[in-house]
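Report on the following structure.
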Amino acid sequence: HNSFLLQSARTHCEASPRLLSVPWMTDSTRGAEQVSKYRQYEYRANSNLVLTTGDHRPRVDEPSGEPESLKDYLTGTKFGDKVVHAKPDTGGAGTKRKKDDAAAAAKRSRREEAKQSVLGLGDDMDSYRPRSRETRQAYEDLLHLLSSQLGDQPHDILRGAADEVLAVLKDDGLTDPDRKREIEKLVNSLPQETFGRLVGAGKRITDYVAEDATGNEKLDDELGVAVVFDEDDDENPEDEHRTKGNDDMVGVVEEEDDDADGLVETRQERELAGGIADEGEAAKAEEDELPVDTIDAYWLQRECGKYFSDPLVAQKVSEDVLLALTEAEERDCENKLVILLDYDKFELIRRLLKHRWRIAVCTRLAQAQSEAAKQALLREFGESPQAAEVLSDLAAARDKTDEIFTETKQLEARVRKETADLARMRKAEAEASVLTADMLAAVPEAGKARVGRNTLDLEAITFAAGGHLMANRKCHLPPGSFRVAKKGYEEVHVPALKAKPFTDGEALVRIDDMPAWARPAFGGMSSLNRVQSRVYDCALFSAENMLLCAPTGAGKTNVAMLTLLHEIGLHRQPDGSFDLDAFKIVYVAPMKALAAELVSKFGKALGPLGLSVREYTGDMQLTKRELQATQLIVTTPEKWDVTTRKGSDGIVQSVGLLVIDEVHLLNEDRGPVIEALVARTLRLVESSQQMIRIVGLSATLPNYVDVALFLRVNPQTGLYHFGAEYRPVPLKQTFLGVTKRLEKPREGAKPKEGRPAKAVSQQTQMLELAFDKALAALRRGKQVMVFVHARNETLRTARGLLELAKARQAEELFAPKPDHPRYALAQREVARCRNGELRTLCNGGLGVHHAGMLRPERSMMERLFADGMINVLCSTATLAWGVNLPAHTVIIKGTQVYSPEKGSWTELSMMDVMQMLGRAGRPQYVNRADEKGVGIILTTHNELQYYLSLLNQQLPIESQYVGKLADNLNAEIVLGTVQNAHEAVNWLGYTYLYVRMLRNPSLYGASDAEKASDPLLEQRRIDMVHSAATQLDKTALIKYERKSGQFQPTDLGRGAADYYVRAA
């Protein structure tokens, strides 16, 4: 028996590999025990142990199949209770039921996404579909050509690309080169042979109609294709028989009408539909509203520009439309508008007709060139009742605009009160020693600002073009201006404005009439000029803030001298001496080169008064002791910003006058630095209750009122604006826009010899134009200064002008005159020059000047040009800034300059252009017989509009502060002037950004609705501060407690603020 068990166990072990690991023993008894233990867990040995029950428990949730009563399921209602016994209203029979707003919005969203993405074009039912065998074959050929260009791409991408290519090929307003260029933007480089095949395939597609708002419905109407109803109407037909109030009940229809949809609406549905219709009508009515303050001189042209791609066509159409709007009869006006704009612009025609008097009156008044013309229009409009109503609306809007200044004053008072309350609260906390810095976040402060909940994309609302932003679409030139279109370029002439005659009682201020102690500052002068005489009382005898806007050469530096003398006179002792330790004056110059020139000038003028004048820039450092001993500090915006960021105890607090030169830098990349300086100074005045006078000097600006509001200048007593007619020597301007098309530089191509890649033809064209203009000036016996934008370009331009002079036999006009008194001396000086090319140019009457030359060579060029031995001087912008060496005619050859910071070519800044043209016709260098100076700008045709607007004071100054908001907020947090979001919102109210946001909220990302609901844009400022603080918190520059709005600086943030490092 044991032998049998042992054999069975071994057989079972071979069948079960797991048992192979069990060590077998020689003892048969122990082997039998192992087998019995294994078998006791088998199912066969345990199946009889399962308990069973004798009673049957059926499931109650299974259907039995027997009839059941609905009594328990229908409670409170009976059959027939929901029957509609009255015949439904059939007033809307035969019309489609209005779609649900949500479904319609979702469909519109899908269509817009499909338009924005090429991937969605294949799914859009409005894309092109061939309708014949021939066009289908042509369309397939087009897809094959695009596939060979784009590679292996999905079919929907190819269809989208084909639609875009077809739109270009079927555009009658484009020439073949334009079509090829537009298509290459889609499919990269395109061989001429492939482009010809694409054009051929496009011509074979004869059933293509350009898509408009109705998609391909226009084609359906022309070819008689059956109408295809929207797919959303048949997606779920069962939903049409439901009532919205009772989804579980089915509406009962008494009879079926062939013209109706077979749908009976309940009262709730009709009320809901009526409410939706009312909301839609209200939204449409709000959209149709046209406030009078939104209509400027270019509103009509902008509206026409939405329908006409060509700006010149839009301008011509807007002028014709304006004439049509002034028709006496509305029917005549409507007929003319339909003829001008055609039937496809029905919405524009409807809006023009609805507001035709408002548009006509506001546009004509805004386009008036003089006050007399405006008064004539007002008399004309007063005779018409419709126009008179518009005039009353304009007066009401003007009163509302005047309230902005009052609102700002109220804001200042509130900020001062909150600052005082906060100071008292901190003092009480320090005395009680109860609250710590960490506990402040948990204690609700009185008047704490709301914490921002919306995170804005600050980079998205930053101007990508920077200071080159074109805020206006049209430029109105002064009377007498004219355009001349020539081969290869367009020329615009702007005449020199005549000086305004003296008014009654206006006279020049004589130096002898000034206080005796102040006269030495104006040595060599007998009287002030007109601009200086007009501002004399405010500058010398008043302590209020001041803004002077005047053209270059009007004597703004002497106006600054008057303000300096006022501050010095406040500390004059009875014995005639001055308390030099009691005050400091800071003069902020735009560039280091100009700062050195101002130090020399102010040092000579104020030396007799005992004042110390020093330069404080990146190149000229001063110790703390030297700063303490200096009364007039001439610095740059960045240097003074760093100084005030660090506190500099005793230096900043002793400043009594801050003069900011070239305030129009607000529009440039350095504008945020000036905004930070002014905001910090204004807050220091309010917190310390010490008087710091702010004086701004600027070129002529169109929105000078906004700049005055930013500087806290009283518009009635401290704001002075002088136009181009106050220039001491009138300036005639000529603009030349080269229209010759050029090849674009390759991506990543490095600049070569100071010009973009493959721009030889443009440089040649500009060189010839510069030669023609210089030759015309030399024939009148005038000197010419040619500005270029690279050091090697000065030599290249001078050589080119000399070669052209030889080719055209005009060398005598360029060469120096042998009968000149200093001719022999100049010849010896040139002969000693070691540069052979420079000697050749000087003997030909041309010179070069740039910062890379040796100092003796630069001095020689300046002397020869000042003595008249050099007639044409080719220079870089350093001559315009560092050396006061003007000429009669100034030519700016090209306007593109390479920016190492951006790594690309950029346009000249407003400051550089004005400084260069300011060299033309200075009064102390131009002969009194001359009537005017001449300024000529050579640029590309697409930039012509920008420089016309810039130099004719029609380009408003905008703020660039959004791009540097996070960095400046970090600096204020480190300085301690901003400790929470509440203080940051108030701090933002002192910037020029806030002033421009109030004037033009849409340009800075805020809607008109936000401005209407929040006139001071407080919530917008809260969100901007919250966004900047979140960015700083992510980069570990600060610690931002979002619930309480508390800020805490970090060591990394302190280092970034001290060393001027930007937040990533």
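Scheme for the structure tokens: letters A, B, ... for chains in order shown; per-chain residue numbers from 1; ligand numbers from 1 in order shown.
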Checklist line | Residue neighbourhood range 884-886 of chain A, 12 Å, only C-alpha atoms, exclusion window fewer than 5 positions, as number ranges by chain | finding: A: 553, 593-594, 597-598, 601, 782-787, 849, 859, 861-868, 872-873, 875, 877-879, 891, 915-926, 933-935
Just to be explicit: take each residue in the selection above, keep C-alpha atoms, and write the result as a short mmCIF file (atom, residue, chain, number, x, y, z; two decimals), in the first residue's frame.
data_model
loop_
_atom_site.label_atom_id
_atom_site.label_comp_id
_atom_site.auth_asym_id
_atom_site.auth_seq_id
_atom_site.Cartn_x
_atom_site.Cartn_y
_atom_site.Cartn_z
CA GLY A 553 16.99 125.53 -31.60
CA ALA A 593 27.89 113.19 -24.71
CA LEU A 594 25.28 115.90 -24.17
CA GLU A 597 28.59 119.62 -23.18
CA LEU A 598 26.09 120.90 -20.61
CA LYS A 601 28.23 125.43 -20.54
CA LYS A 782 25.57 126.41 -48.81
CA GLN A 783 27.34 123.76 -46.78
CA VAL A 784 25.85 120.27 -46.48
CA MET A 785 26.00 117.72 -43.66
CA VAL A 786 25.13 114.09 -44.58
CA PHE A 787 24.24 111.78 -41.68
CA HIS A 849 33.49 112.36 -38.89
CA SER A 859 39.17 118.12 -34.49
CA MET A 861 37.38 117.93 -39.64
CA GLU A 862 35.38 120.15 -37.28
CA ARG A 863 37.70 123.15 -37.84
CA LEU A 864 37.77 122.75 -41.63
CA PHE A 865 33.99 122.49 -41.83
CA ALA A 866 33.47 125.44 -39.48
CA ASP A 867 35.88 127.55 -41.57
CA GLY A 868 34.15 126.60 -44.82
CA VAL A 872 30.18 118.36 -47.53
CA LEU A 873 30.72 116.47 -44.25
CA SER A 875 29.10 111.97 -40.26
CA ALA A 877 24.93 110.74 -35.16
CA THR A 878 27.74 111.43 -32.69
CA LEU A 879 28.31 114.77 -34.40
CA ILE A 891 20.62 115.15 -45.28
CA GLN A 915 18.63 116.07 -33.08
CA MET A 916 20.03 115.57 -36.58
CA LEU A 917 17.55 117.92 -38.21
CA GLY A 918 18.21 120.36 -35.38
CA ARG A 919 21.68 120.92 -36.89
CA ALA A 920 20.04 122.60 -39.91
CA GLY A 921 19.96 126.38 -39.75
CA ARG A 922 20.99 127.32 -36.20
CA PRO A 923 20.79 131.12 -35.77
CA GLN A 924 24.36 131.62 -34.58
CA TYR A 925 25.81 129.77 -37.59
CA VAL A 926 23.50 130.69 -40.48
CA GLY A 933 17.42 125.91 -43.17
CA VAL A 934 16.80 122.72 -45.14
CA GLY A 935 16.28 119.23 -43.74
#
Note to self: Please compute the CA of Ile183 in chain A-CA of Cys304 in chain A distance, one decimal, in Å.
What the structure shows: 26.5 Å
Item checked: Members of range 915-999 of chain A assigned alpha helix (DSSP H) by DSSP, as a ChimeraX atom specification -> /A:915-917,944-951,965-975,981-988,992-999
Next item on the list: Would you please work out which residue, of A:Gln315, A:Ser36, A:Val361, A:Leu562, is nearest to Ile295 in chain A when using only C-alpha atoms?
Entry: A:Val361
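Counting only C-alpha atoms and comparing A:Ala550, A:Val788, A:Leu456, A:Ala32, the residue that lies closest to Ile1022 in chain A is A:Leu456.
CA of Tyr990 in chain A sits 7.1 Å away from CA of Phe710 in chain A.
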Item checked: Among listed residues A:Val890, A:Leu458, A:Leu778, A:Ala1057, nearest Val1025 in chain A (using only C-alpha atoms) ->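 With only C-alpha atoms as the atom set, the closest residue is A:Leu458.
Reported to one decimal place, the separation of CA of Gln1046 in chain A from CA of Gly647 in chain A is 21.6 Å.
All residues within range 735-900 of chain A that the backbone DSSP calculation assigns to strand (DSSP E or B) are Phe735, Leu736, Gly737, Val738, Lys752, Arg755, Val784, Met785, Val786, Phe787, Leu846, Gly847, Val848, His849, Val872, Leu873, Cys874, Ser875, Ala887, Thr889, Val890, Ile891, Ile892, Lys893, Gln896, Val897, Tyr898 and Ser899 of chain A.
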Give me the residues near Gln367 in chain A as a PDB file with N, CA, C and O atoms, in the first residue's frame, where near means some atom within 9 Å (using only C-alpha atoms) and where sequence neighbours in that chain fewer than 3 positions away do not count.
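That gives us result.pdb:
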ATOM      1  N   ASP A 296     -12.925 111.166 -34.787  1.00  0.00           N
ATOM      2  CA  ASP A 296     -11.883 112.148 -35.030  1.00  0.00           C
ATOM      3  C   ASP A 296     -11.757 112.388 -36.530  1.00  0.00           C
ATOM      4  O   ASP A 296     -12.609 111.973 -37.310  1.00  0.00           O
ATOM      5  N   ALA A 297     -10.688 113.023 -36.924  1.00  0.00           N
ATOM      6  CA  ALA A 297     -10.520 113.368 -38.334  1.00  0.00           C
ATOM      7  C   ALA A 297     -10.308 112.142 -39.204  1.00  0.00           C
ATOM      8  O   ALA A 297     -10.492 112.207 -40.429  1.00  0.00           O
ATOM      9  N   TYR A 298      -9.931 111.007 -38.605  1.00  0.00           N
ATOM     10  CA  TYR A 298      -9.597 109.831 -39.400  1.00  0.00           C
ATOM     11  C   TYR A 298     -10.559 108.670 -39.158  1.00  0.00           C
ATOM     12  O   TYR A 298     -10.307 107.557 -39.611  1.00  0.00           O
ATOM     13  N   CYS A 362     -18.624 116.011 -36.930  1.00  0.00           N
ATOM     14  CA  CYS A 362     -17.417 115.768 -36.147  1.00  0.00           C
ATOM     15  C   CYS A 362     -16.181 115.657 -37.039  1.00  0.00           C
ATOM     16  O   CYS A 362     -15.109 116.171 -36.702  1.00  0.00           O
ATOM     17  N   THR A 363     -16.317 115.004 -38.184  1.00  0.00           N
ATOM     18  CA  THR A 363     -15.162 114.831 -39.071  1.00  0.00           C
ATOM     19  C   THR A 363     -14.723 116.158 -39.659  1.00  0.00           C
ATOM     20  O   THR A 363     -13.529 116.478 -39.699  1.00  0.00           O
ATOM     21  N   ARG A 364     -15.669 116.953 -40.124  1.00  0.00           N
ATOM     22  CA  ARG A 364     -15.295 118.234 -40.733  1.00  0.00           C
ATOM     23  C   ARG A 364     -14.685 119.189 -39.706  1.00  0.00           C
ATOM     24  O   ARG A 364     -13.754 119.925 -40.008  1.00  0.00           O
ATOM     25  N   LYS A 374     -12.665 126.648 -38.434  1.00  0.00           N
ATOM     26  CA  LYS A 374     -13.562 125.987 -37.491  1.00  0.00           C
ATOM     27  C   LYS A 374     -14.744 126.884 -37.133  1.00  0.00           C
ATOM     28  O   LYS A 374     -15.890 126.416 -37.040  1.00  0.00           O
ATOM     29  N   HIS A 476      -1.912 115.061 -41.747  1.00  0.00           N
ATOM     30  CA  HIS A 476      -2.313 116.318 -42.392  1.00  0.00           C
ATOM     31  C   HIS A 476      -1.093 117.233 -42.450  1.00  0.00           C
ATOM     32  O   HIS A 476      -0.539 117.614 -41.417  1.00  0.00           O
TER      33      HIS A 476
END
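Among the candidates A:Glu768, A:Asp575, A:Glu668, A:Asp320, the one nearest to Gly963 in chain A when counting only C-alpha atoms is A:Glu668.
Closest approach to Arg834 in chain A from the set A:Met853, A:Ala798, A:Ala328, A:Ala777 is made by A:Met853, with distances taken over only C-alpha atoms.
Counting only C-alpha atoms, the residue from A:Asp457, A:Ala499, A:Ser698, A:Lys1011 that sits nearest to Ser1027 in chain A is A:Asp457.
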Next item on the list: Write out as a ChimeraX atom specification which residues come within 10 Å of Thr700 in chain A when counting only C-alpha atoms, dropping same-chain ones fewer than 2 positions away.
Entry: /A:548-552,664,697-698,702-704,721-724,951-954
